[in-house]
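Raw contents of protein.tsv, TSV, C-alpha atoms and all ligand atoms:
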```tsv
chain	number	residue	atom	x	y	z
A	1182	MET	CA	-15.97	-13.74	7.49
A	1183	LEU	CA	-18.03	-11.27	9.47
A	1184	VAL	CA	-16.05	-8.24	8.60
A	1185	THR	CA	-12.73	-7.73	6.97
A	1186	LEU	CA	-11.02	-5.68	9.58
A	1187	ALA	CA	-7.90	-5.74	7.52
A	1188	ALA	CA	-5.86	-3.30	9.50
A	1189	MET	CA	-5.87	-0.29	11.66
A	1190	LEU	CA	-3.80	2.57	10.58
A	1191	VAL	CA	-2.62	5.70	12.13
A	1192	VAL	CA	-2.42	8.89	10.17
A	1193	THR	CA	-1.03	11.93	11.84
A	1194	MET	CA	-2.70	15.23	11.24
A	1195	ASP	CA	0.50	16.35	9.54
A	1196	ALA	CA	0.14	13.57	7.00
A	1197	LEU	CA	-3.35	14.73	6.22
A	1198	GLN	CA	-2.00	18.17	5.45
A	1199	LEU	CA	-4.92	19.72	7.22
A	1200	THR	CA	-2.71	22.24	8.90
A	1201	ALA	CA	0.37	24.00	7.71
A	1202	ALA	CA	1.71	24.27	11.24
A	1203	PRO	CA	5.48	23.77	11.27
A	1204	GLY	CA	7.38	21.80	13.86
A	1205	PRO	CA	6.70	18.55	15.65
A	1206	ALA	CA	3.48	19.68	17.34
A	1207	LYS	CA	2.03	17.02	19.63
A	1208	VAL	CA	-1.16	16.13	17.83
A	1209	ALA	CA	-3.04	12.96	18.68
A	1210	PRO	CA	-2.87	10.62	15.71
A	1211	LEU	CA	-6.07	9.96	13.83
A	1212	GLU	CA	-6.95	6.28	14.09
A	1213	ILE	CA	-8.93	4.84	11.22
A	1214	VAL	CA	-10.56	1.41	10.87
A	1215	LEU	CA	-10.03	-0.21	7.48
A	1216	VAL	CA	-12.97	-2.30	6.23
A	1217	GLU	CA	-14.72	-3.68	3.22
A	1218	ALA	CA	-18.13	-2.09	2.69
A	1219	ALA	CA	-20.62	-4.91	2.57
A	1220	PRO	CA	-20.21	-6.68	5.93
A	1221	ALA	CA	-20.01	-3.57	8.13
A	1222	THR	CA	-23.19	-3.17	10.21
A	1223	SER	CA	-24.33	-0.15	12.23
A	1224	GLU	CA	-23.47	-2.00	15.44
A	1225	MET	CA	-19.90	-2.52	14.22
A	1226	VAL	CA	-19.53	1.15	13.37
A	1227	LEU	CA	-20.76	2.11	16.84
A	1228	GLN	CA	-18.33	-0.36	18.40
A	1229	TRP	CA	-15.41	1.22	16.50
A	1230	LYS	CA	-16.53	4.60	17.78
A	1231	ARG	CA	-16.60	3.26	21.35
A	1232	GLU	CA	-13.07	1.96	20.81
A	1233	GLY	CA	-11.92	5.47	20.01
A	1234	PHE	CA	-11.68	5.43	16.23
A	1235	LYS	CA	-12.49	8.73	14.60
A	1236	ALA	CA	-12.87	7.51	11.04
A	1237	VAL	CA	-13.52	4.50	8.82
A	1238	ALA	CA	-11.66	3.78	5.59
A	1239	VAL	CA	-13.59	1.65	3.13
A	1240	VAL	CA	-11.87	-0.36	0.42
A	1241	LEU	CA	-12.92	0.90	-3.02
A	1242	ASP	CA	-12.97	-1.97	-5.48
A	1243	GLU	CA	-14.79	-3.17	-8.57
A	1244	GLN	CA	-16.69	-5.91	-6.74
A	1245	THR	CA	-18.64	-3.73	-4.33
A	1246	GLY	CA	-21.83	-2.08	-5.54
A	1247	LYS	CA	-22.69	1.58	-5.10
A	1248	SER	CA	-25.57	0.72	-2.77
A	1249	ALA	CA	-23.26	-1.09	-0.33
A	1250	TYR	CA	-20.99	1.95	-0.28
A	1251	GLY	CA	-23.99	4.26	0.22
A	1252	GLN	CA	-25.30	2.21	3.15
A	1253	LEU	CA	-21.94	2.16	4.86
A	1254	ALA	CA	-21.50	5.89	4.31
A	1255	ARG	CA	-24.84	6.51	6.05
A	1256	ARG	CA	-23.91	4.29	9.00
A	1257	ILE	CA	-20.62	6.09	9.37
A	1258	SER	CA	-22.08	9.58	9.21
A	1259	ASP	CA	-24.91	8.56	11.59
A	1260	ALA	CA	-22.23	7.55	14.07
A	1261	GLY	CA	-20.44	10.87	13.63
A	1262	LEU	CA	-17.28	9.33	12.18
A	1263	ASP	CA	-15.36	10.50	9.12
A	1264	LEU	CA	-15.24	8.42	5.98
A	1265	TYR	CA	-12.11	7.71	3.97
A	1266	CYS	CA	-11.58	5.61	0.87
A	1267	TRP	CA	-8.75	3.11	0.48
A	1268	ILE	CA	-7.49	1.87	-2.86
A	1269	GLU	CA	-5.15	-1.08	-3.13
A	1270	VAL	CA	-2.88	-0.11	-6.00
A	1271	ALA	CA	-0.13	-2.59	-6.85
A	1272	ARG	CA	-1.67	-5.83	-5.59
A	1273	ASN	CA	-4.07	-6.57	-8.43
A	1274	PRO	CA	-4.69	-10.18	-9.58
A	1275	LYS	CA	-6.71	-9.14	-12.62
A	1276	LEU	CA	-4.09	-6.76	-13.95
A	1277	ALA	CA	-1.29	-9.21	-13.16
A	1278	ALA	CA	-3.05	-12.02	-15.01
A	1279	SER	CA	-3.75	-9.91	-18.07
A	1280	HIS	CA	-0.34	-8.16	-18.13
A	1281	PRO	CA	2.26	-10.50	-16.62
A	1282	ARG	CA	5.06	-8.35	-18.05
A	1283	TRP	CA	4.00	-5.49	-15.79
A	1284	MET	CA	4.46	-7.59	-12.67
A	1285	ALA	CA	7.06	-6.85	-9.99
A	1286	ALA	CA	10.35	-8.71	-10.35
A	1287	LEU	CA	11.97	-10.56	-7.46
A	1288	GLY	CA	15.39	-9.08	-8.14
A	1289	MET	CA	18.79	-10.67	-8.40
A	1290	HIS	CA	19.17	-12.18	-4.92
A	1291	GLU	CA	18.07	-15.75	-4.40
A	1292	ASP	CA	16.91	-15.61	-0.79
A	1293	TRP	CA	13.24	-15.56	-1.80
A	1294	GLN	CA	13.65	-19.16	-2.96
A	1295	LYS	CA	13.97	-20.26	0.67
A	1296	ASN	CA	10.31	-19.32	1.08
A	1297	PHE	CA	9.40	-21.16	-2.12
A	1298	PRO	CA	11.73	-24.19	-2.22
A	1299	ASN	CA	9.63	-26.04	-4.78
A	1300	PHE	CA	9.59	-23.17	-7.23
A	1301	PRO	CA	11.88	-23.79	-10.22
A	1302	GLU	CA	14.85	-21.43	-10.42
A	1303	PRO	CA	14.59	-18.90	-13.22
A	1304	GLY	CA	16.57	-20.06	-16.23
A	1305	ILE	CA	18.65	-17.99	-18.62
A	1306	GLY	CA	16.57	-15.17	-20.03
A	1307	GLU	CA	13.86	-15.72	-17.39
A	1308	VAL	CA	12.79	-13.37	-14.61
A	1309	ALA	CA	10.91	-14.39	-11.44
A	1310	LYS	CA	7.87	-12.23	-10.69
A	1311	ALA	CA	5.75	-11.71	-7.58
A	1312	PHE	CA	2.09	-12.36	-8.39
A	1313	PRO	CA	-0.17	-10.37	-8.17
A	1314	TRP	CA	1.98	-7.28	-7.77
A	1315	VAL	CA	1.83	-4.70	-10.56
A	1316	PRO	CA	3.86	-1.71	-9.38
A	1317	ILE	CA	3.47	1.84	-10.67
A	1318	GLY	CA	7.16	1.91	-11.59
A	1319	TYR	CA	6.40	0.96	-15.19
A	1320	ARG	CA	4.87	3.49	-17.57
A	1321	GLU	CA	2.19	1.03	-18.69
A	1322	ALA	CA	1.14	0.17	-15.15
A	1323	PHE	CA	1.36	3.80	-14.00
A	1324	GLU	CA	-1.20	4.77	-16.63
A	1325	ALA	CA	-3.41	1.73	-16.02
A	1326	HIS	CA	-3.52	2.33	-12.27
A	1327	LEU	CA	-4.38	6.00	-12.74
A	1328	ALA	CA	-7.21	5.08	-15.09
A	1329	ARG	CA	-8.47	2.50	-12.58
A	1330	ILE	CA	-8.39	4.98	-9.72
A	1331	GLU	CA	-10.31	7.47	-11.84
A	1332	GLN	CA	-12.98	4.81	-12.40
A	1333	LEU	CA	-13.06	3.75	-8.76
A	1334	LEU	CA	-13.45	7.30	-7.51
A	1335	GLN	CA	-16.76	7.46	-9.36
A	1336	ARG	CA	-18.01	4.78	-6.95
A	1337	ALA	CA	-16.81	6.66	-3.89
A	1338	PRO	CA	-19.61	7.04	-1.35
A	1339	PRO	CA	-20.95	10.52	-0.66
A	1340	GLY	CA	-19.20	12.55	2.01
A	1341	TRP	CA	-15.75	10.95	1.83
A	1342	CYS	CA	-13.00	13.22	3.04
A	1343	GLY	CA	-9.79	11.52	1.94
A	1344	LEU	CA	-8.23	8.74	-0.09
A	1345	LEU	CA	-5.53	6.36	1.13
A	1346	LEU	CA	-3.37	4.77	-1.57
A	1347	ASN	CA	-1.75	1.49	-0.60
A	1348	ASP	CA	1.23	-0.20	-2.22
A	1349	LEU	CA	2.84	2.48	-4.35
A	1350	GLN	CA	6.21	0.74	-4.01
A	1351	ALA	CA	7.64	-2.34	-5.65
A	1352	GLY	CA	6.45	-5.84	-4.80
A	1353	PRO	CA	7.51	-7.67	-1.62
A	1354	SER	CA	11.07	-8.95	-1.42
A	1355	SER	CA	11.77	-6.65	-4.33
A	1356	CYS	CA	15.54	-7.12	-4.49
A	1357	GLY	CA	15.13	-10.87	-4.02
A	1358	CYS	CA	16.39	-10.71	-0.44
A	1359	GLY	CA	13.42	-12.63	0.94
A	1360	ASN	CA	12.36	-9.78	3.24
A	1361	LEU	CA	8.70	-9.22	2.44
A	1362	GLN	CA	9.03	-5.61	3.55
A	1363	CYS	CA	11.76	-4.86	1.02
A	1364	ARG	CA	9.82	-2.70	-1.46
A	1365	TRP	CA	12.22	-0.07	-2.72
A	1366	ALA	CA	14.00	-1.77	-5.61
A	1367	ILE	CA	12.34	-2.34	-8.96
A	1368	ASP	CA	14.06	-4.82	-11.28
A	1369	TYR	CA	17.07	-4.98	-9.02
A	1370	SER	CA	19.79	-6.09	-11.45
A	1371	VAL	CA	17.31	-8.04	-13.53
A	1372	ARG	CA	15.95	-7.24	-16.96
A	1373	PRO	CA	12.76	-5.11	-16.94
A	1374	THR	CA	9.86	-6.58	-18.88
A	1375	ALA	CA	7.98	-3.28	-19.23
A	1376	THR	CA	8.93	0.37	-19.67
A	1377	LYS	CA	10.64	1.38	-16.46
A	1378	LEU	CA	10.04	4.98	-15.37
A	1379	ASP	CA	13.13	6.97	-14.49
A	1380	GLY	CA	13.72	8.88	-11.29
A	1381	ASP	CA	13.18	8.29	-7.61
A	1382	ASP	CA	9.99	10.34	-7.49
A	1383	VAL	CA	7.67	8.04	-9.43
A	1384	ALA	CA	5.40	7.50	-6.44
A	1385	ALA	CA	5.31	11.25	-5.73
A	1386	ARG	CA	4.35	11.90	-9.35
A	1387	PHE	CA	1.65	9.26	-9.07
A	1388	VAL	CA	0.22	10.84	-5.93
A	1389	ALA	CA	0.28	14.25	-7.64
A	1390	GLU	CA	-1.70	12.82	-10.56
A	1391	VAL	CA	-4.23	11.25	-8.20
A	1392	ARG	CA	-4.59	14.58	-6.36
A	1393	LYS	CA	-5.58	16.21	-9.65
A	1394	ARG	CA	-8.41	13.68	-9.85
A	1395	ALA	CA	-9.49	13.85	-6.22
A	1396	GLY	CA	-10.68	17.45	-6.14
A	1397	ASP	CA	-10.30	18.99	-2.70
A	1398	LYS	CA	-9.97	15.64	-0.87
A	1399	ALA	CA	-6.84	14.57	0.96
A	1400	VAL	CA	-4.74	11.94	-0.84
A	1401	ILE	CA	-2.55	9.97	1.56
A	1402	PRO	CA	0.09	7.47	0.40
A	1403	VAL	CA	0.66	4.49	2.72
A	1404	TRP	CA	4.29	3.41	2.92
A	1405	THR	CA	5.79	0.09	3.90
A	1406	THR	CA	9.03	0.92	5.63
A	1407	GLU	CA	11.82	-1.55	5.15
A	1408	CYS	CA	13.97	-2.92	7.86
A	1409	ALA	CA	16.70	-0.57	8.99
A	1410	GLU	CA	16.52	0.40	12.65
A	1411	VAL	CA	15.86	3.98	11.70
A	1412	ASP	CA	12.73	2.86	9.87
A	1413	LEU	CA	11.20	1.31	12.96
A	1414	PRO	CA	9.21	3.12	15.65
A	1415	PRO	CA	11.38	4.07	18.66
A	1416	ASP	CA	9.95	1.35	20.90
A	1417	LYS	CA	10.94	-1.32	18.37
A	1418	HIS	CA	14.59	-0.37	17.86
A	1419	GLN	CA	16.27	-2.20	20.67
A	1420	GLU	CA	15.69	-5.88	20.09
A	1421	MET	CA	15.70	-5.73	16.33
A	1422	PRO	CA	19.19	-5.84	14.89
A	1423	ARG	CA	19.30	-4.84	11.25
A	1424	GLN	CA	20.65	-8.14	10.02
A	1425	ARG	CA	17.57	-10.03	11.11
A	1426	LEU	CA	15.41	-8.35	8.54
A	1427	ARG	CA	17.95	-7.34	5.96
A	1428	GLY	CA	18.59	-9.59	3.02
A	1429	SER	CA	21.64	-10.99	1.31
A	1430	TRP	CA	23.41	-7.72	0.80
A	1431	GLN	CA	23.51	-6.91	4.50
A	1432	ARG	CA	24.44	-10.43	5.50
A	1433	ARG	CA	27.18	-10.55	2.91
A	1434	ARG	CA	28.56	-7.30	4.21
A	1435	ALA	CA	28.48	-8.70	7.73
A	1436	ARG	CA	30.44	-11.76	6.59
A	1437	GLU	CA	33.03	-9.61	4.87
A	1438	ARG	CA	33.78	-7.67	8.04
B	1	ZN	ZN	15.74	-6.47	-0.34
```
Please express what this file holds, its structure, as structure tokens.
Amino acid sequence: MLVTLAAMLVVTMDALQLTAAPGPAKVAPLEIVLVEAAPATSEMVLQWKREGFKAVAVVLDEQTGKSAYGQLARRISDAGLDLYCWIEVARNPKLAASHPRWMAALGMHEDWQKNFPNFPEPGIGEVAKAFPWVPIGYREAFEAHLARIEQLLQRAPPGWCGLLLNDLQAGPSSCGCGNLQCRWAIDYSVRPTATKLDGDDVAARFVAEVRKRAGDKAVIPVWTTECAEVDLPPDKHQEMPRQRLRGSWQRRRARER
């Protein structure tokens, strides 16, 4: 693979908290290219600039050496772009393999089995988990992820101006509904296998803890919205009835009407 151009993301200036201006001011969104460090050449960086990107987010991970990060940082600053770091939080094969009890459950609904018809149904006393998702919703994982982020930030290239945190929610299809974007339920009516944290502000608390470790840099959580029409951008509302993306619960309700 030449370059892992995993995604493009759009962060509004409001999200970056660079200004305290109230109201829905019309500010052009900041478009950032998301890449892994090693394969990104100077020519690629210049091409992104020509395409209108103002910044590059580089994935911080354990596999990439400091020199690769340093080289990319130089290419980015030479091109006059800003540099962000991106940390993948919940999706972590190493942590999932060493702590399977911290993994995200697939909830009580059975729709997910349609995507995995050959997977044996969980028996009595068993819980299906989504490898390699280790959500921050458990105390053990919350602490482990914070410690990992602390370590990773030591590898951050010079001159970075913000940190994007991906996957602070539950695993995909988290209530078992089969919708990969369903990320809001943790252990939905199934038995937790680790110490579940109380409250609906776990992710906010996590971000606050990361901010303490990020000095004066911006820390930006990346959310996966679910499937209700109100969650979708305005131009995607019309042809997307809720039921198409909702899981069992919504379909059952529709049947009961
Ligand atoms: Zn669901």
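Closest approach to Asn1296 of chain A among A:Thr1405, A:Thr1374, A:Ser1354, A:Gln1362: A:Ser1354, based on only C-alpha atoms.
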Wanna dump the chain A-ligand ZN 1 (chain B) contacts at 6 Å for me, each residue with its shortest atom pair and the distance in Å to one decimal, counting all atoms listed in the file, ordered by chain and number, as CSV?
```
residue,atom,partner,partner_atom,distance
A:Ser1354,CA,B:ZN1,ZN,5.4
A:Ser1355,CA,B:ZN1,ZN,5.6
A:Cys1356,CA,B:ZN1,ZN,4.2
A:Gly1357,CA,B:ZN1,ZN,5.8
A:Cys1358,CA,B:ZN1,ZN,4.3
A:Asn1360,CA,B:ZN1,ZN,5.9
A:Cys1363,CA,B:ZN1,ZN,4.5
A:Gly1428,CA,B:ZN1,ZN,5.4
```
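Counting from atom CA of Gly1380 of chain A, the distance to atom CA of Lys1310 of chain A is 21.9 Å.
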(message) Which residues are near segment 1318-1323 of chain A? Cut-off 12 Å, only C-alpha atoms, ignore same chain within fewer than 4 positions. Put them as an NGL selection string.
(response) :A and (1270-1273 or 1276-1277 or 1279-1286 or 1314 or 1327-1330 or 1348-1352 or 1364-1368 or 1373-1388 or 1390-1391)
Could you save the residues just selected, with C-alpha atoms, as a PDB file, in the coordinates of the input?
```pdb
ATOM      1  CA  VAL A1270      -2.880  -0.110  -6.000  1.00  0.00           C
ATOM      2  CA  ALA A1271      -0.130  -2.590  -6.850  1.00  0.00           C
ATOM      3  CA  ARG A1272      -1.670  -5.830  -5.590  1.00  0.00           C
ATOM      4  CA  ASN A1273      -4.070  -6.570  -8.430  1.00  0.00           C
ATOM      5  CA  LEU A1276      -4.090  -6.760 -13.950  1.00  0.00           C
ATOM      6  CA  ALA A1277      -1.290  -9.210 -13.160  1.00  0.00           C
ATOM      7  CA  SER A1279      -3.750  -9.910 -18.070  1.00  0.00           C
ATOM      8  CA  HIS A1280      -0.340  -8.160 -18.130  1.00  0.00           C
ATOM      9  CA  PRO A1281       2.260 -10.500 -16.620  1.00  0.00           C
ATOM     10  CA  ARG A1282       5.060  -8.350 -18.050  1.00  0.00           C
ATOM     11  CA  TRP A1283       4.000  -5.490 -15.790  1.00  0.00           C
ATOM     12  CA  MET A1284       4.460  -7.590 -12.670  1.00  0.00           C
ATOM     13  CA  ALA A1285       7.060  -6.850  -9.990  1.00  0.00           C
ATOM     14  CA  ALA A1286      10.350  -8.710 -10.350  1.00  0.00           C
ATOM     15  CA  TRP A1314       1.980  -7.280  -7.770  1.00  0.00           C
ATOM     16  CA  LEU A1327      -4.380   6.000 -12.740  1.00  0.00           C
ATOM     17  CA  ALA A1328      -7.210   5.080 -15.090  1.00  0.00           C
ATOM     18  CA  ARG A1329      -8.470   2.500 -12.580  1.00  0.00           C
ATOM     19  CA  ILE A1330      -8.390   4.980  -9.720  1.00  0.00           C
ATOM     20  CA  ASP A1348       1.230  -0.200  -2.220  1.00  0.00           C
ATOM     21  CA  LEU A1349       2.840   2.480  -4.350  1.00  0.00           C
ATOM     22  CA  GLN A1350       6.210   0.740  -4.010  1.00  0.00           C
ATOM     23  CA  ALA A1351       7.640  -2.340  -5.650  1.00  0.00           C
ATOM     24  CA  GLY A1352       6.450  -5.840  -4.800  1.00  0.00           C
ATOM     25  CA  ARG A1364       9.820  -2.700  -1.460  1.00  0.00           C
ATOM     26  CA  TRP A1365      12.220  -0.070  -2.720  1.00  0.00           C
ATOM     27  CA  ALA A1366      14.000  -1.770  -5.610  1.00  0.00           C
ATOM     28  CA  ILE A1367      12.340  -2.340  -8.960  1.00  0.00           C
ATOM     29  CA  ASP A1368      14.060  -4.820 -11.280  1.00  0.00           C
ATOM     30  CA  PRO A1373      12.760  -5.110 -16.940  1.00  0.00           C
ATOM     31  CA  THR A1374       9.860  -6.580 -18.880  1.00  0.00           C
ATOM     32  CA  ALA A1375       7.980  -3.280 -19.230  1.00  0.00           C
ATOM     33  CA  THR A1376       8.930   0.370 -19.670  1.00  0.00           C
ATOM     34  CA  LYS A1377      10.640   1.380 -16.460  1.00  0.00           C
ATOM     35  CA  LEU A1378      10.040   4.980 -15.370  1.00  0.00           C
ATOM     36  CA  ASP A1379      13.130   6.970 -14.490  1.00  0.00           C
ATOM     37  CA  GLY A1380      13.720   8.880 -11.290  1.00  0.00           C
ATOM     38  CA  ASP A1381      13.180   8.290  -7.610  1.00  0.00           C
ATOM     39  CA  ASP A1382       9.990  10.340  -7.490  1.00  0.00           C
ATOM     40  CA  VAL A1383       7.670   8.040  -9.430  1.00  0.00           C
ATOM     41  CA  ALA A1384       5.400   7.500  -6.440  1.00  0.00           C
ATOM     42  CA  ALA A1385       5.310  11.250  -5.730  1.00  0.00           C
ATOM     43  CA  ARG A1386       4.350  11.900  -9.350  1.00  0.00           C
ATOM     44  CA  PHE A1387       1.650   9.260  -9.070  1.00  0.00           C
ATOM     45  CA  VAL A1388       0.220  10.840  -5.930  1.00  0.00           C
ATOM     46  CA  GLU A1390      -1.700  12.820 -10.560  1.00  0.00           C
ATOM     47  CA  VAL A1391      -4.230  11.250  -8.200  1.00  0.00           C
TER      48      VAL A1391
END
```
(message) I'd like the neighbourhood of Met1225 of chain A as a PyMOL selection string, where a residue qualifies if any of its atoms comes within 10 Å (using all atoms listed in the file), though same-chain residues fewer than 4 positions away should be ignored.
(response) chain A and resi 1184+1220-1221+1229-1231+1256-1257
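Counting from atom CA of Leu1215 of chain A, the distance to atom CA of Asp1397 of chain A is 21.7 Å.
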